[in-house]
file my_file-v4.pdb (PDB, C-alpha atoms, pLDDT in the B column)
ATOM      1  CA  MET A   1      -0.034  11.879 -16.758  1.00 61.00           C
ATOM      2  CA  ALA A   2       1.048   8.227 -16.394  1.00 65.00           C
ATOM      3  CA  THR A   3       4.718   9.168 -16.942  1.00 68.00           C
ATOM      4  CA  ILE A   4       4.496  11.901 -14.313  1.00 65.00           C
ATOM      5  CA  CYS A   5       2.851   9.524 -11.818  1.00 64.00           C
ATOM      6  CA  GLN A   6       5.472   6.823 -12.467  1.00 65.00           C
ATOM      7  CA  SER A   7       8.309   9.320 -11.996  1.00 65.00           C
ATOM      8  CA  MET A   8       6.826  10.046  -8.555  1.00 64.00           C
ATOM      9  CA  GLY A   9       6.924   6.347  -7.690  1.00 64.00           C
ATOM     10  CA  LEU A  10       3.181   5.764  -8.094  1.00 67.00           C
ATOM     11  CA  VAL A  11       2.312   2.299  -9.329  1.00 65.00           C
ATOM     12  CA  SER A  12      -1.504   2.227  -9.289  1.00 68.00           C
ATOM     13  CA  ALA A  13      -4.140   4.777 -10.183  1.00 67.00           C
ATOM     14  CA  MET A  14      -7.900   5.166 -10.262  1.00 68.00           C
ATOM     15  CA  ASN A  15     -10.018   7.594 -12.259  1.00 65.00           C
ATOM     16  CA  MET A  16     -12.511   9.458 -10.056  1.00 63.00           C
ATOM     17  CA  ASP A  17     -15.442  11.345 -11.582  1.00 63.00           C
ATOM     18  CA  ASP A  18     -15.546  14.012  -8.847  1.00 63.00           C
ATOM     19  CA  GLY A  19     -19.348  13.913  -8.741  1.00 72.00           C
ATOM     20  CA  ALA A  20     -21.711  13.954  -5.756  1.00 74.00           C
ATOM     21  CA  SER A  21     -20.481  10.528  -4.667  1.00 74.00           C
ATOM     22  CA  SER A  22     -16.947  11.702  -3.960  1.00 78.00           C
ATOM     23  CA  GLY A  23     -15.377  13.481  -1.023  1.00 80.00           C
ATOM     24  CA  LEU A  24     -11.918  14.032   0.398  1.00 78.00           C
ATOM     25  CA  TYR A  25     -11.176  13.304   4.043  1.00 79.00           C
ATOM     26  CA  ALA A  26      -7.658  14.086   5.250  1.00 79.00           C
ATOM     27  CA  HIS A  27      -5.967  14.851   8.553  1.00 80.00           C
ATOM     28  CA  GLY A  28      -9.133  14.156  10.560  1.00 84.00           C
ATOM     29  CA  LYS A  29     -11.593  16.315   8.626  1.00 86.00           C
ATOM     30  CA  TYR A  30     -13.433  16.559   5.319  1.00 83.00           C
ATOM     31  CA  MET A  31     -11.622  18.728   2.799  1.00 80.00           C
ATOM     32  CA  THR A  32     -14.508  18.193   0.344  1.00 81.00           C
ATOM     33  CA  THR A  33     -17.785  16.859   1.714  1.00 84.00           C
ATOM     34  CA  PRO A  34     -19.639  14.267  -0.384  1.00 85.00           C
ATOM     35  CA  GLY A  35     -23.122  15.180  -1.561  1.00 85.00           C
ATOM     36  CA  ARG A  36     -24.584  11.936  -0.177  1.00 83.00           C
ATOM     37  CA  GLN A  37     -23.694   9.161   2.238  1.00 83.00           C
ATOM     38  CA  LEU A  38     -20.994   6.890   0.893  1.00 76.00           C
ATOM     39  CA  SER A  39     -20.995   3.096   1.125  1.00 73.00           C
ATOM     40  CA  ASN A  40     -17.315   2.642   0.310  1.00 76.00           C
ATOM     41  CA  ALA A  41     -14.038   4.497   0.386  1.00 76.00           C
ATOM     42  CA  LEU A  42     -10.647   4.567  -1.255  1.00 74.00           C
ATOM     43  CA  ILE A  43      -7.997   4.879   1.456  1.00 75.00           C
ATOM     44  CA  VAL A  44      -4.454   6.020   0.704  1.00 74.00           C
ATOM     45  CA  VAL A  45      -1.724   5.366   3.267  1.00 76.00           C
ATOM     46  CA  PRO A  46       2.043   5.933   3.149  1.00 76.00           C
ATOM     47  CA  ARG A  47       4.191   2.992   2.053  1.00 73.00           C
ATOM     48  CA  LYS A  48       6.343   1.248   4.613  1.00 80.00           C
ATOM     49  CA  ASP A  49       8.953   0.375   1.988  1.00 82.00           C
ATOM     50  CA  LYS A  50      10.190   2.084  -1.151  1.00 86.00           C
ATOM     51  CA  PRO A  51       8.781   0.572  -4.361  1.00 89.00           C
ATOM     52  CA  ILE A  52      10.916  -2.040  -6.100  1.00 93.00           C
ATOM     53  CA  GLN A  53      12.695  -0.804  -9.223  1.00 93.00           C
ATOM     54  CA  VAL A  54      13.922  -2.914 -12.121  1.00 92.00           C
ATOM     55  CA  MET A  55      16.826  -1.621 -14.187  1.00 91.00           C
ATOM     56  CA  ILE A  56      17.854  -3.369 -17.419  1.00 86.00           C
ATOM     57  CA  ASN A  57      21.202  -2.272 -18.829  1.00 84.00           C
ATOM     58  CA  GLY A  58      20.902   0.932 -16.783  1.00 87.00           C
ATOM     59  CA  GLU A  59      17.363   1.839 -17.895  1.00 88.00           C
ATOM     60  CA  LYS A  60      14.373   1.776 -15.569  1.00 90.00           C
ATOM     61  CA  VAL A  61      11.580  -0.575 -16.646  1.00 88.00           C
ATOM     62  CA  SER A  62       7.905  -0.077 -15.733  1.00 87.00           C
ATOM     63  CA  PHE A  63       5.275  -2.808 -15.653  1.00 87.00           C
ATOM     64  CA  ILE A  64       1.476  -2.956 -15.632  1.00 84.00           C
ATOM     65  CA  LEU A  65       1.744  -4.407 -12.110  1.00 87.00           C
ATOM     66  CA  PRO A  66       4.630  -3.343  -9.915  1.00 88.00           C
ATOM     67  CA  PRO A  67       7.303  -5.848  -8.903  1.00 92.00           C
ATOM     68  CA  ILE A  68       6.506  -7.577  -5.624  1.00 91.00           C
ATOM     69  CA  ILE A  69       8.498  -9.586  -3.090  1.00 91.00           C
ATOM     70  CA  ILE A  70       7.031 -12.974  -2.147  1.00 89.00           C
ATOM     71  CA  GLU A  71       8.949 -15.269   0.177  1.00 89.00           C
ATOM     72  CA  GLY A  72      12.164 -13.332  -0.405  1.00 90.00           C
ATOM     73  CA  ARG A  73      11.945 -13.351  -4.215  1.00 91.00           C
ATOM     74  CA  VAL A  74      11.153 -10.483  -6.577  1.00 93.00           C
ATOM     75  CA  TYR A  75       8.318 -11.245  -9.006  1.00 91.00           C
ATOM     76  CA  VAL A  76       7.507  -9.288 -12.174  1.00 90.00           C
ATOM     77  CA  PRO A  77       4.738  -9.628 -14.788  1.00 86.00           C
ATOM     78  CA  PHE A  78       5.477 -12.434 -17.265  1.00 79.00           C
ATOM     79  CA  ARG A  79       4.364 -10.527 -20.359  1.00 78.00           C
ATOM     80  CA  GLY A  80       6.008  -7.229 -19.395  1.00 78.00           C
ATOM     81  CA  ILE A  81       9.460  -8.614 -18.704  1.00 75.00           C
ATOM     82  CA  PHE A  82       9.640 -10.821 -21.804  1.00 73.00           C
ATOM     83  CA  GLU A  83       8.307  -8.118 -24.124  1.00 75.00           C
ATOM     84  CA  THR A  84      11.048  -5.860 -22.766  1.00 74.00           C
ATOM     85  CA  PHE A  85      13.486  -8.305 -24.372  1.00 67.00           C
ATOM     86  CA  GLY A  86      11.606  -8.234 -27.697  1.00 69.00           C
ATOM     87  CA  ALA A  87      10.203 -11.747 -27.386  1.00 71.00           C
ATOM     88  CA  THR A  88       6.863 -12.933 -28.765  1.00 75.00           C
ATOM     89  CA  VAL A  89       4.520 -13.801 -25.902  1.00 75.00           C
ATOM     90  CA  SER A  90       1.592 -16.211 -26.208  1.00 75.00           C
ATOM     91  CA  TRP A  91      -0.849 -15.410 -23.409  1.00 63.00           C
ATOM     92  CA  GLU A  92      -2.939 -18.561 -23.875  1.00 64.00           C
ATOM     93  CA  ASN A  93       0.016 -20.958 -23.678  1.00 60.00           C
ATOM     94  CA  GLN A  94       2.097 -18.874 -21.246  1.00 64.00           C
ATOM     95  CA  MET A  95       4.913 -19.238 -23.722  1.00 69.00           C
ATOM     96  CA  VAL A  96       7.734 -17.016 -24.963  1.00 66.00           C
ATOM     97  CA  ALA A  97       9.614 -17.435 -28.206  1.00 67.00           C
ATOM     98  CA  LYS A  98      12.468 -15.626 -29.877  1.00 64.00           C
ATOM     99  CA  LYS A  99      14.786 -17.045 -32.507  1.00 68.00           C
ATOM    100  CA  ASP A 100      15.428 -20.669 -31.567  1.00 70.00           C
ATOM    101  CA  VAL A 101      14.415 -20.384 -27.887  1.00 72.00           C
ATOM    102  CA  GLU A 102      11.018 -21.286 -26.494  1.00 79.00           C
ATOM    103  CA  ILE A 103      10.169 -20.943 -22.811  1.00 80.00           C
ATOM    104  CA  LYS A 104       6.860 -22.345 -21.610  1.00 82.00           C
ATOM    105  CA  LEU A 105       5.646 -21.667 -18.096  1.00 77.00           C
ATOM    106  CA  SER A 106       3.231 -23.706 -15.991  1.00 74.00           C
ATOM    107  CA  GLN A 107       1.574 -23.429 -12.580  1.00 70.00           C
ATOM    108  CA  THR A 108       3.786 -26.274 -11.351  1.00 75.00           C
ATOM    109  CA  ASN A 109       7.353 -25.834 -10.158  1.00 78.00           C
ATOM    110  CA  TYR A 110       8.631 -26.409 -13.704  1.00 82.00           C
ATOM    111  CA  ALA A 111       9.276 -24.254 -16.725  1.00 82.00           C
ATOM    112  CA  TYR A 112      10.180 -25.786 -20.068  1.00 84.00           C
ATOM    113  CA  VAL A 113      13.084 -24.341 -22.052  1.00 83.00           C
ATOM    114  CA  ASN A 114      13.009 -25.797 -25.568  1.00 85.00           C
ATOM    115  CA  GLU A 115      10.904 -28.679 -24.152  1.00 87.00           C
ATOM    116  CA  THR A 116      13.485 -29.448 -21.428  1.00 88.00           C
ATOM    117  CA  PRO A 117      11.994 -29.221 -17.913  1.00 89.00           C
ATOM    118  CA  LEU A 118      13.691 -26.790 -15.565  1.00 84.00           C
ATOM    119  CA  PHE A 119      12.849 -26.937 -11.836  1.00 84.00           C
ATOM    120  CA  LEU A 120      11.781 -23.635 -10.283  1.00 82.00           C
ATOM    121  CA  GLU A 121      12.527 -23.136  -6.604  1.00 81.00           C
ATOM    122  CA  ALA A 122       9.834 -20.443  -6.549  1.00 83.00           C
ATOM    123  CA  LYS A 123       6.572 -21.221  -8.320  1.00 80.00           C
ATOM    124  CA  LEU A 124       4.806 -18.826 -10.642  1.00 82.00           C
ATOM    125  CA  ARG A 125       2.018 -16.676  -9.200  1.00 84.00           C
ATOM    126  CA  ASN A 126      -1.228 -15.368 -10.637  1.00 83.00           C
ATOM    127  CA  ILE A 127      -1.837 -11.930  -9.143  1.00 84.00           C
ATOM    128  CA  ALA A 128      -4.814  -9.826 -10.214  1.00 81.00           C
ATOM    129  CA  GLY A 129      -5.083 -11.865 -13.421  1.00 81.00           C
ATOM    130  CA  HIS A 130      -1.399 -11.445 -14.339  1.00 82.00           C
ATOM    131  CA  MET A 131       1.194 -14.232 -14.402  1.00 81.00           C
ATOM    132  CA  MET A 132       4.092 -13.147 -12.183  1.00 86.00           C
ATOM    133  CA  VAL A 133       7.504 -14.812 -12.563  1.00 85.00           C
ATOM    134  CA  PRO A 134      10.540 -14.771 -10.269  1.00 87.00           C
ATOM    135  CA  ILE A 135      12.896 -12.350 -11.990  1.00 85.00           C
ATOM    136  CA  ARG A 136      16.091 -14.190 -11.002  1.00 81.00           C
ATOM    137  CA  PHE A 137      14.912 -17.397 -12.743  1.00 75.00           C
ATOM    138  CA  LEU A 138      14.066 -15.444 -15.846  1.00 70.00           C
ATOM    139  CA  THR A 139      17.245 -13.445 -16.139  1.00 70.00           C
ATOM    140  CA  GLU A 140      19.620 -16.243 -15.243  1.00 70.00           C
ATOM    141  CA  THR A 141      17.853 -18.610 -17.668  1.00 69.00           C
ATOM    142  CA  LEU A 142      18.423 -16.000 -20.361  1.00 66.00           C
ATOM    143  CA  GLY A 143      22.102 -15.697 -19.471  1.00 69.00           C
ATOM    144  CA  ALA A 144      22.016 -12.270 -17.834  1.00 75.00           C
ATOM    145  CA  GLU A 145      23.622 -11.074 -14.634  1.00 83.00           C
ATOM    146  CA  VAL A 146      21.143 -10.056 -11.935  1.00 87.00           C
ATOM    147  CA  LYS A 147      21.831  -8.246  -8.672  1.00 91.00           C
ATOM    148  CA  TRP A 148      19.529  -7.158  -5.839  1.00 93.00           C
ATOM    149  CA  ASP A 149      20.335  -3.975  -3.914  1.00 94.00           C
ATOM    150  CA  GLU A 150      18.385  -4.179  -0.651  1.00 92.00           C
ATOM    151  CA  LYS A 151      19.030  -0.582   0.374  1.00 93.00           C
ATOM    152  CA  SER A 152      17.611   0.950  -2.820  1.00 94.00           C
ATOM    153  CA  ARG A 153      15.227  -2.000  -3.426  1.00 94.00           C
ATOM    154  CA  THR A 154      16.509  -2.248  -6.996  1.00 96.00           C
ATOM    155  CA  VAL A 155      16.959  -5.257  -9.284  1.00 93.00           C
ATOM    156  CA  GLU A 156      19.809  -4.597 -11.702  1.00 92.00           C
ATOM    157  CA  ILE A 157      19.969  -6.739 -14.842  1.00 86.00           C
ATOM    158  CA  LYS A 158      23.068  -6.441 -16.995  1.00 82.00           C
ATOM    159  CA  ASP A 159      24.392  -7.812 -20.268  1.00 65.00           C
ATOM    160  CA  ILE A 160      21.064  -8.758 -21.792  1.00 59.00           C
ATOM    161  CA  THR A 161      20.212  -7.357 -25.173  1.00 53.00           C
ATOM    162  CA  GLU A 162      18.275 -10.298 -26.552  1.00 51.00           C
ATOM    163  CA  ILE A 163      17.289 -13.843 -25.694  1.00 45.00           C
ATOM    164  CA  PRO A 164      20.318 -16.030 -26.448  1.00 44.00           C
ATOM    165  CA  SER A 165      20.342 -19.592 -27.734  1.00 42.00           C
ATOM    166  CA  LEU A 166      20.125 -22.032 -24.845  1.00 40.00           C
TER
END

call {"tool": "encode", "arguments": {"input": "my_file-v4.pdb", "output": "structure tokens"}}
result
Amino acid sequence: MATICQSMGLVSAMNMDDGASSGLYAHGKYMTTPGRQLSNALIVVPRKDKPIQVMINGEKVSFILPPIIIEGRVYVPFRGIFETFGATVSWENQMVAKKDVEIKLSQTNYAYVNETPLFLEAKLRNIAGHMMVPIRFLTETLGAEVKWDEKSRTVEIKDITEIPSL
């Protein structure tokens, strides 16, 4: 079911029990009337923009949280993007390691690559309990080519098969 939903562009889902506390209201009328008065509602509205897609070496990548644009930069989940590259991720230390490369992230405007501080123009973000990183910083730090296609809202990452030595 998740694969089908993702292929349709859906990025979030909720399991509903379809009991007496649920109803469906659409196009100005109840399609299914709830069995009791409801104190809250789940509202679904059309998107203004297409969802952001991330392609790595021509393959679409999905994340637990969808990519998001903040202040003109595309952010992706820290764990999801690094694990895509086969790196070991330490959640507690916000650190990534593979071979002889170690990248440690912080809430400041610095990341540390093999203990060397690297200034980040865009700071890391904690969204819904997930560390989000600017994808351009990540890919360029790892030596990959990254391109943004505004029309299709797609990030294309090329020439990255593993984390190189820095």

call {"tool": "atom_distance", "arguments": {"input": "my_file-v4.pdb", "atom1": "CA of Leu138 (chain A)", "atom2": "CA of Val76 (chain A)"}}
result
9.7 Å

call {"tool": "closest_residue", "arguments": {"input": "my_file-v4.pdb", "among": "A:Gly23, A:Asn114, A:Lys48, A:Met131", "to": "Arg36 (chain A)", "atoms": "all atoms listed in the file"}}
result
A:Gly23

call {"tool": "atom_distance", "arguments": {"input": "my_file-v4.pdb", "atom1": "CA of Pro51 (chain A)", "atom2": "CA of Thr154 (chain A)"}}
result
8.6 Å

call {"tool": "atom_distance", "arguments": {"input": "my_file-v4.pdb", "atom1": "CA of Asp100 (chain A)", "atom2": "CA of Gly58 (chain A)"}}
result
26.7 Å

call {"tool": "resolve_selection", "arguments": {"input": "my_file-v4.pdb", "expression": "the PyMOL selection byres ((chain A and resi 129) around 12)", "output": "list in words"}}
result
Ile64, Leu65, Pro77, Phe78, Arg79, Trp91, Arg125, Asn126, Ile127, Ala128, His130, Met131 and Met132 of chain A
